[in-house]
Amino acid sequence: MRPIYQHPWNVSLSDAVAIQRRLACHIEWDNRFSQIDTIAGVDVCIRNDKLHAAVVVLKFPVLQCVETALAEQPATFPYRPGLLAFREGPVILKALKKLKRLPDITIFDGHGRAHPYQIGIACHLGLLLNRPTIGCAKKRLWGQFEEPGNQKGQYSPITDKKTIIGAALRTRTNVKPVFVSSGHRVNLAASMQLVLDCCRGYRLPETIRQAHHLSVTSFEIS
DNA sequence: GCGACAG
DNA sequence: ATCTTGTCGC
């Protein structure tokens with residue numbers, strides 16, 4: 001089956017918003033995955049207007065690396081809060097296409113549902129890839145939340161007009177929380193559990209940490 | 001007009 | 001995200 005959703009990337013800011021609003025109603029918030037054999041982390045770094053994307057696929061739940069992929073591309077679309085997918089999406093898809101096998105779950109360094117139109121980069125790319133995804137950001141973009149308790153595992157909801165759109169989750173005791181939200185086909189509870197399952201180190205899931213390291217390393221070499 | 005604002 | 005020195009907390 002060919003990709004169902006596709007759209008141009010070289011668009012104006014207003015067109016980008018229009019595309020988001022059109023795609024948003026197709027995002028699925030319920031779990032639609034079964035066995036999880038692999039889970040991946042994706043991240044992008046920018047040097048001299050060049051984007052470097054890295055994806056690290058880990059066997060789950062042992063978190064052993066089974067495959068990685070890199071891609072680079074000039075940065076064209078500007079950074080605008082809410083439109084991150086249009087800036088980083090293309091180079092990320094380029095890296096993901098190099099994988100022998102797409103991961104069962106993919107975690108992004110950015111939001112999912114906790115976005116003004118409920119279509120953060122994790123939702124957007126999950127829909128285009130037709131795969132389950134999770135958003136895991138370092139800072140809030142949309143919605144209100146209270147600081148969660150200081151112990152690892154404690155969390156508080158991120159809400160938008162009484163609707164829970166994500167959670168501020170403490171992945172390490174006494175360390176700033178991460179902001180987790182559903183991407184595509186993974187509900188909030190499962191997203192939070194998986195993010196915690198992927199934490200073996202600092203405060204981001206091991207998957208994203210490794211991808212970040214890899215993306216930084218790649219531009220240092222290039 | 002002012003404040004907020006993923007990466 | 002990137003740039004970039006000293007500095008606060010455990």
# chains A, B, ... in the order shown; residues from 1 in each chain; ligands from 1

call {"tool": "closest_atom_pairs", "arguments": {"of": "range 137-183 of chain A", "to": "range 1-4 of chain B", "cutoff": "12 Å", "atoms": "only C-alpha atoms (C1' of nucleotides)", "output": "CSV"}}
result
residue,atom,partner,partner_atom,distance
A:Arg140,CA,B:DA4,C1',10.4
A:Leu141,CA,B:DA4,C1',8.7
A:Trp142,CA,B:DA4,C1',9.4
A:Gly143,CA,B:DA4,C1',11.2

call {"tool": "interface_residues", "arguments": {"of": "chain A", "to": "chain C", "cutoff": "10 Å", "atoms": "only C-alpha atoms (C1' of nucleotides)", "output": "MDAnalysis selection string"}}
result
chainID A and resid 44:48 51 79

call {"tool": "interface_residues", "arguments": {"of": "chain A", "to": "chain B", "cutoff": "10 Å", "atoms": "only C-alpha atoms (C1' of nucleotides)", "output": "VMD selection string"}}
result
chain A and resid 43 to 46 79 to 85 87 to 88 109 to 112 114 to 115 120 to 121 135 to 142 179

call {"tool": "select_by_dssp", "arguments": {"residues": "range 22-180 of chain A", "states": "helix (DSSP H, G or I)", "output": "MDAnalysis selection string"}}
result
chainID A and resid 22:24 84:96 121:129

call {"tool": "write_last_selection", "arguments": {"atoms": "C-alpha atoms", "output": "mmCIF file, in the first residue's frame"}}
result
data_model
loop_
_atom_site.group_PDB
_atom_site.id
_atom_site.type_symbol
_atom_site.label_atom_id
_atom_site.label_comp_id
_atom_site.auth_asym_id
_atom_site.auth_seq_id
_atom_site.Cartn_x
_atom_site.Cartn_y
_atom_site.Cartn_z
ATOM 1 C CA ARG A 22 -5.974 19.380 7.066
ATOM 2 C CA LEU A 23 -3.841 16.504 8.381
ATOM 3 C CA ALA A 24 -4.722 16.948 12.048
ATOM 4 C CA LEU A 84 8.910 22.406 13.516
ATOM 5 C CA ALA A 85 7.866 19.539 11.247
ATOM 6 C CA PHE A 86 8.332 21.737 8.193
ATOM 7 C CA ARG A 87 11.880 22.568 9.228
ATOM 8 C CA GLU A 88 13.104 19.190 10.450
ATOM 9 C CA GLY A 89 10.638 16.779 8.870
ATOM 10 C CA PRO A 90 12.232 16.358 5.426
ATOM 11 C CA VAL A 91 15.725 15.499 6.667
ATOM 12 C CA ILE A 92 14.289 13.136 9.283
ATOM 13 C CA LEU A 93 12.260 11.269 6.659
ATOM 14 C CA LYS A 94 15.396 11.104 4.534
ATOM 15 C CA ALA A 95 17.270 9.388 7.368
ATOM 16 C CA LEU A 96 14.396 7.040 8.206
ATOM 17 C CA ILE A 121 6.188 16.861 14.695
ATOM 18 C CA ALA A 122 5.622 13.409 16.211
ATOM 19 C CA CYS A 123 1.989 13.306 15.024
ATOM 20 C CA HIS A 124 2.806 14.797 11.648
ATOM 21 C CA LEU A 125 5.591 12.378 10.769
ATOM 22 C CA GLY A 126 3.780 9.443 12.325
ATOM 23 C CA LEU A 127 0.866 10.076 9.983
ATOM 24 C CA LEU A 128 3.088 10.416 6.920
ATOM 25 C CA LEU A 129 5.007 7.289 7.879
#

call {"tool": "select_by_dssp", "arguments": {"residues": "range 19-80 of chain A", "states": "strand (DSSP E)", "output": "ChimeraX atom specification"}}
result
/A:38-47,50-59,64-74

call {"tool": "write_last_selection", "arguments": {"atoms": "N, CA, C and O atoms", "output": "short mmCIF file (atom, residue, chain, number, x, y, z; two decimals), in the first residue's frame"}}
result
data_model
loop_
_atom_site.label_atom_id
_atom_site.label_comp_id
_atom_site.auth_asym_id
_atom_site.auth_seq_id
_atom_site.Cartn_x
_atom_site.Cartn_y
_atom_site.Cartn_z
N THR A 38 11.38 -3.25 18.33
CA THR A 38 12.37 -2.17 18.23
C THR A 38 11.72 -0.82 18.50
O THR A 38 10.54 -0.61 18.22
N ILE A 39 12.53 0.07 19.06
CA ILE A 39 12.05 1.43 19.33
C ILE A 39 13.18 2.36 18.92
O ILE A 39 14.35 2.06 19.16
N ALA A 40 12.83 3.47 18.28
CA ALA A 40 13.87 4.37 17.78
C ALA A 40 13.76 5.78 18.32
O ALA A 40 12.69 6.21 18.75
N GLY A 41 14.88 6.47 18.30
CA GLY A 41 14.93 7.85 18.72
C GLY A 41 15.45 8.65 17.53
O GLY A 41 16.30 8.16 16.79
N VAL A 42 14.91 9.84 17.34
CA VAL A 42 15.35 10.68 16.23
C VAL A 42 15.71 12.06 16.76
O VAL A 42 15.06 12.59 17.66
N ASP A 43 16.76 12.63 16.22
CA ASP A 43 17.11 14.00 16.60
C ASP A 43 17.83 14.71 15.47
O ASP A 43 18.37 14.06 14.57
N VAL A 44 17.83 16.02 15.52
CA VAL A 44 18.43 16.83 14.47
C VAL A 44 19.28 17.92 15.11
O VAL A 44 18.90 18.49 16.13
N CYS A 45 20.45 18.18 14.51
CA CYS A 45 21.24 19.32 14.99
C CYS A 45 21.48 20.20 13.77
O CYS A 45 21.37 19.75 12.64
N ILE A 46 21.77 21.46 14.01
CA ILE A 46 21.94 22.41 12.92
C ILE A 46 23.26 23.13 13.03
O ILE A 46 23.59 23.67 14.10
N ARG A 47 24.05 23.11 11.96
CA ARG A 47 25.33 23.80 11.92
C ARG A 47 25.43 24.56 10.62
O ARG A 47 25.32 23.96 9.54
N LYS A 50 22.83 23.95 8.05
CA LYS A 50 22.74 22.60 7.49
C LYS A 50 22.17 21.69 8.56
O LYS A 50 22.64 21.69 9.70
N LEU A 51 21.16 20.94 8.19
CA LEU A 51 20.51 20.04 9.14
C LEU A 51 21.16 18.67 9.10
O LEU A 51 21.44 18.14 8.02
N HIS A 52 21.39 18.11 10.28
CA HIS A 52 21.96 16.76 10.38
C HIS A 52 20.98 15.93 11.19
O HIS A 52 20.75 16.20 12.37
N ALA A 53 20.40 14.93 10.56
CA ALA A 53 19.44 14.07 11.27
C ALA A 53 20.06 12.72 11.56
O ALA A 53 20.85 12.20 10.79
N ALA A 54 19.71 12.19 12.72
CA ALA A 54 20.19 10.87 13.10
C ALA A 54 19.05 10.07 13.69
O ALA A 54 18.20 10.61 14.40
N VAL A 55 19.03 8.80 13.36
CA VAL A 55 18.01 7.91 13.93
C VAL A 55 18.75 6.69 14.49
O VAL A 55 19.65 6.16 13.85
N VAL A 56 18.38 6.32 15.70
CA VAL A 56 19.00 5.17 16.35
C VAL A 56 17.89 4.18 16.69
O VAL A 56 16.94 4.53 17.39
N VAL A 57 18.02 2.97 16.18
CA VAL A 57 17.01 1.94 16.44
C VAL A 57 17.56 0.98 17.50
O VAL A 57 18.66 0.45 17.35
N LEU A 58 16.80 0.83 18.57
CA LEU A 58 17.23 -0.05 19.65
C LEU A 58 16.28 -1.24 19.78
O LEU A 58 15.07 -1.11 19.56
N LYS A 59 16.85 -2.38 20.15
CA LYS A 59 16.02 -3.54 20.40
C LYS A 59 15.33 -3.28 21.73
O LYS A 59 15.93 -2.74 22.65
N GLN A 64 19.42 -2.31 23.08
CA GLN A 64 20.70 -2.50 22.40
C GLN A 64 20.53 -1.99 20.98
O GLN A 64 19.52 -2.27 20.33
N CYS A 65 21.52 -1.24 20.53
CA CYS A 65 21.44 -0.65 19.19
C CYS A 65 21.50 -1.72 18.10
O CYS A 65 22.38 -2.57 18.11
N VAL A 66 20.54 -1.67 17.19
CA VAL A 66 20.53 -2.63 16.08
C VAL A 66 20.77 -1.96 14.73
O VAL A 66 21.20 -2.62 13.78
N GLU A 67 20.52 -0.67 14.66
CA GLU A 67 20.76 0.03 13.39
C GLU A 67 20.72 1.54 13.58
O GLU A 67 20.02 2.05 14.47
N THR A 68 21.48 2.25 12.75
CA THR A 68 21.45 3.71 12.79
C THR A 68 21.43 4.23 11.35
O THR A 68 21.75 3.48 10.43
N ALA A 69 21.05 5.47 11.20
CA ALA A 69 21.04 6.08 9.87
C ALA A 69 21.23 7.58 10.02
O ALA A 69 20.82 8.18 11.03
N LEU A 70 21.86 8.17 9.02
CA LEU A 70 22.12 9.62 9.04
C LEU A 70 21.66 10.24 7.74
O LEU A 70 21.55 9.57 6.71
N ALA A 71 21.40 11.55 7.79
CA ALA A 71 21.02 12.28 6.58
C ALA A 71 21.33 13.75 6.84
O ALA A 71 21.28 14.20 7.99
N GLU A 72 21.66 14.46 5.80
CA GLU A 72 21.91 15.89 5.97
C GLU A 72 21.32 16.63 4.78
O GLU A 72 21.11 16.06 3.71
N GLN A 73 21.08 17.91 5.00
CA GLN A 73 20.37 18.70 4.01
C GLN A 73 20.43 20.18 4.42
O GLN A 73 20.45 20.48 5.60
N PRO A 74 20.46 21.10 3.47
CA PRO A 74 20.49 22.52 3.82
C PRO A 74 19.18 22.90 4.50
O PRO A 74 18.12 22.36 4.14
#

call {"tool": "atom_distance", "arguments": {"atom1": "CA of Ser182 in chain A", "atom2": "CA of Ile165 in chain A"}}
result
7.8 Å

call {"tool": "atom_distance", "arguments": {"atom1": "CA of Gln151 in chain A", "atom2": "CA of Arg113 in chain A"}}
result
24.7 Å

call {"tool": "atom_distance", "arguments": {"atom1": "CA of Gln144 in chain A", "atom2": "CA of Ala211 in chain A"}}
result
28.8 Å

call {"tool": "residues_around", "arguments": {"residues": "Tyr155 in chain A", "least_positions_apart": "6", "cutoff": "9 Å", "atoms": "only C-alpha atoms (C1' of nucleotides)", "output": "PyMOL selection string"}}
result
chain A and resi 147-149+167-170+177

call {"tool": "write_last_selection", "arguments": {"atoms": "N, CA, C and O atoms", "output": "short mmCIF file (atom, residue, chain, number, x, y, z; two decimals), in the first residue's frame"}}
result
data_model
loop_
_atom_site.label_atom_id
_atom_site.label_comp_id
_atom_site.auth_asym_id
_atom_site.auth_seq_id
_atom_site.Cartn_x
_atom_site.Cartn_y
_atom_site.Cartn_z
N GLU A 147 4.12 21.93 37.96
CA GLU A 147 5.38 21.21 38.11
C GLU A 147 5.11 19.88 38.82
O GLU A 147 4.48 19.84 39.87
N PRO A 148 5.54 18.76 38.22
CA PRO A 148 5.30 17.46 38.84
C PRO A 148 6.21 17.24 40.05
O PRO A 148 7.17 17.98 40.25
N GLY A 149 5.90 16.22 40.87
CA GLY A 149 6.73 15.89 42.03
C GLY A 149 8.15 15.62 41.60
O GLY A 149 8.41 15.35 40.43
N ALA A 167 1.74 15.15 29.18
CA ALA A 167 2.14 15.12 30.58
C ALA A 167 3.58 15.57 30.77
O ALA A 167 4.43 15.35 29.90
N ALA A 168 3.80 16.24 31.91
CA ALA A 168 5.16 16.64 32.27
C ALA A 168 5.63 15.46 33.12
O ALA A 168 5.06 15.21 34.18
N LEU A 169 6.59 14.74 32.65
CA LEU A 169 7.04 13.51 33.30
C LEU A 169 8.47 13.57 33.80
O LEU A 169 9.40 13.91 33.07
N ARG A 170 8.64 13.22 35.06
CA ARG A 170 9.98 13.21 35.68
C ARG A 170 10.63 11.86 35.35
O ARG A 170 10.20 10.83 35.82
N PRO A 177 11.60 17.84 34.23
CA PRO A 177 10.76 16.84 33.56
C PRO A 177 10.79 16.98 32.04
O PRO A 177 11.23 18.01 31.51
#
